[in-house]
>>> print(open('structure29.pdb').read())   # PDB, C-alpha atoms
ATOM      1  CA  MET A   1       9.171 -11.501   5.309  1.00  0.00           C
ATOM      2  CA  ALA A   2       8.538  -7.846   6.128  1.00  0.00           C
ATOM      3  CA  LYS A   3       9.556  -6.690   2.695  1.00  0.00           C
ATOM      4  CA  SER A   4       7.298  -9.213   0.982  1.00  0.00           C
ATOM      5  CA  GLN A   5       4.296  -7.962   2.979  1.00  0.00           C
ATOM      6  CA  ALA A   6       5.213  -4.347   2.260  1.00  0.00           C
ATOM      7  CA  LYS A   7       5.611  -5.268  -1.416  1.00  0.00           C
ATOM      8  CA  ALA A   8       2.140  -6.852  -1.445  1.00  0.00           C
ATOM      9  CA  LEU A   9       0.669  -3.689   0.086  1.00  0.00           C
ATOM     10  CA  GLN A  10       2.464  -1.553  -2.501  1.00  0.00           C
ATOM     11  CA  GLU A  11       1.112  -3.758  -5.292  1.00  0.00           C
ATOM     12  CA  LYS A  12      -2.423  -3.219  -3.966  1.00  0.00           C
ATOM     13  CA  ALA A  13      -1.785   0.529  -3.993  1.00  0.00           C
ATOM     14  CA  GLU A  14      -0.689   0.310  -7.618  1.00  0.00           C
ATOM     15  CA  MET A  15      -3.785  -1.736  -8.486  1.00  0.00           C
ATOM     16  CA  PHE A  16      -6.063   0.931  -6.986  1.00  0.00           C
ATOM     17  CA  GLU A  17      -4.128   3.669  -8.788  1.00  0.00           C
ATOM     18  CA  ARG A  18      -4.717   1.868 -12.095  1.00  0.00           C
ATOM     19  CA  ARG A  19      -8.412   1.584 -11.267  1.00  0.00           C
ATOM     20  CA  ALA A  20      -8.499   5.312 -10.509  1.00  0.00           C
ATOM     21  CA  GLU A  21      -6.950   6.077 -13.884  1.00  0.00           C
ATOM     22  CA  SER A  22      -9.581   4.031 -15.707  1.00  0.00           C
ATOM     23  CA  ALA A  23     -12.602   5.077 -13.624  1.00  0.00           C
ATOM     24  CA  THR A  24     -15.142   7.092 -15.571  1.00  0.00           C
ATOM     25  CA  ASP A  25     -16.933   8.856 -12.728  1.00  0.00           C
ATOM     26  CA  PRO A  26     -15.239  11.276 -10.302  1.00  0.00           C
ATOM     27  CA  ILE A  27     -16.553   9.603  -7.139  1.00  0.00           C
ATOM     28  CA  SER A  28     -15.062   6.223  -8.052  1.00  0.00           C
ATOM     29  CA  ARG A  29     -11.820   7.869  -9.180  1.00  0.00           C
ATOM     30  CA  GLN A  30     -11.496   9.661  -5.831  1.00  0.00           C
ATOM     31  CA  HIS A  31     -12.336   6.503  -3.887  1.00  0.00           C
ATOM     32  CA  TYR A  32      -9.685   4.482  -5.711  1.00  0.00           C
ATOM     33  CA  ARG A  33      -7.080   7.209  -5.189  1.00  0.00           C
ATOM     34  CA  GLU A  34      -7.880   7.265  -1.463  1.00  0.00           C
ATOM     35  CA  MET A  35      -7.542   3.487  -1.317  1.00  0.00           C
ATOM     36  CA  ALA A  36      -4.198   3.674  -3.146  1.00  0.00           C
ATOM     37  CA  ALA A  37      -2.953   6.277  -0.663  1.00  0.00           C
ATOM     38  CA  HIS A  38      -4.151   4.122   2.231  1.00  0.00           C
ATOM     39  CA  TYR A  39      -2.221   1.079   1.010  1.00  0.00           C
ATOM     40  CA  ARG A  40       0.900   3.163   0.372  1.00  0.00           C
ATOM     41  CA  ARG A  41       0.729   4.412   3.974  1.00  0.00           C
ATOM     42  CA  LEU A  42       0.277   0.854   5.256  1.00  0.00           C
ATOM     43  CA  ALA A  43       3.303  -0.324   3.266  1.00  0.00           C
ATOM     44  CA  THR A  44       5.426   2.530   4.628  1.00  0.00           C
ATOM     45  CA  GLU A  45       4.283   1.931   8.205  1.00  0.00           C
ATOM     46  CA  HIS A  46       4.931  -1.773   7.843  1.00  0.00           C
ATOM     47  CA  LEU A  47       8.515  -1.146   6.719  1.00  0.00           C
ATOM     48  CA  GLU A  48       9.112   1.397   9.495  1.00  0.00           C
ATOM     49  CA  ILE A  49       7.801  -0.918  12.215  1.00  0.00           C
ATOM     50  CA  ASN A  50       9.900  -3.819  11.025  1.00  0.00           C
ATOM     51  CA  ARG A  51      12.964  -1.625  10.685  1.00  0.00           C
ATOM     52  CA  SER A  52      12.671  -0.536  14.319  1.00  0.00           C
ATOM     53  CA  GLU A  53      12.250  -4.073  15.704  1.00  0.00           C
ATOM     54  CA  PRO A  54      15.406  -5.862  16.769  1.00  0.00           C
ATOM     55  CA  ALA A  55      16.366  -8.858  14.668  1.00  0.00           C
ATOM     56  CA  ARG A  56      14.940 -12.092  16.024  1.00  0.00           C
ATOM     57  CA  GLN A  57      17.187 -15.008  16.764  1.00  0.00           C
ATOM     58  CA  VAL A  58      15.885 -18.398  15.750  1.00  0.00           C
TER
END
>>> encode(input="structure29.pdb", output="structure tokens")
Amino acid sequence: MAKSQAKALQEKAEMFERRAESATDPISRQHYREMAAHYRRLATEHLEINRSEPARQV
């Protein structure tokens, strides 16, 4: 489950990176790059948190 959420966050980062590449004005390009970086950080944090949690028993 953790990896699928991290994967979804990474996909959002990639989407914003693509938007940055196609943006025509510098302000939008910068905004999209910041959003991409934000989602990459969230994905990394998500993986780190789940890695440090002990495995749950069902």
>>> atom_distance(input="structure29.pdb", atom1="atom CA of Glu53 of chain A", atom2="atom CA of Gln5 of chain A")
15.5 Å
>>> residues_near_point(input="structure29.pdb", point="(-3.8, 7.7, -2.0)", cutoff="12 Å", atoms="only C-alpha atoms", output="MDAnalysis selection string")
chainID A and resid 10 12:18 20 29:43
>>> atom_distance(input="structure29.pdb", atom1="atom CA of Ser4 of chain A", atom2="atom CA of Glu21 of chain A")
25.6 Å
>>> atom_distance(input="structure29.pdb", atom1="atom CA of Ile49 of chain A", atom2="atom CA of Glu11 of chain A")
19.0 Å
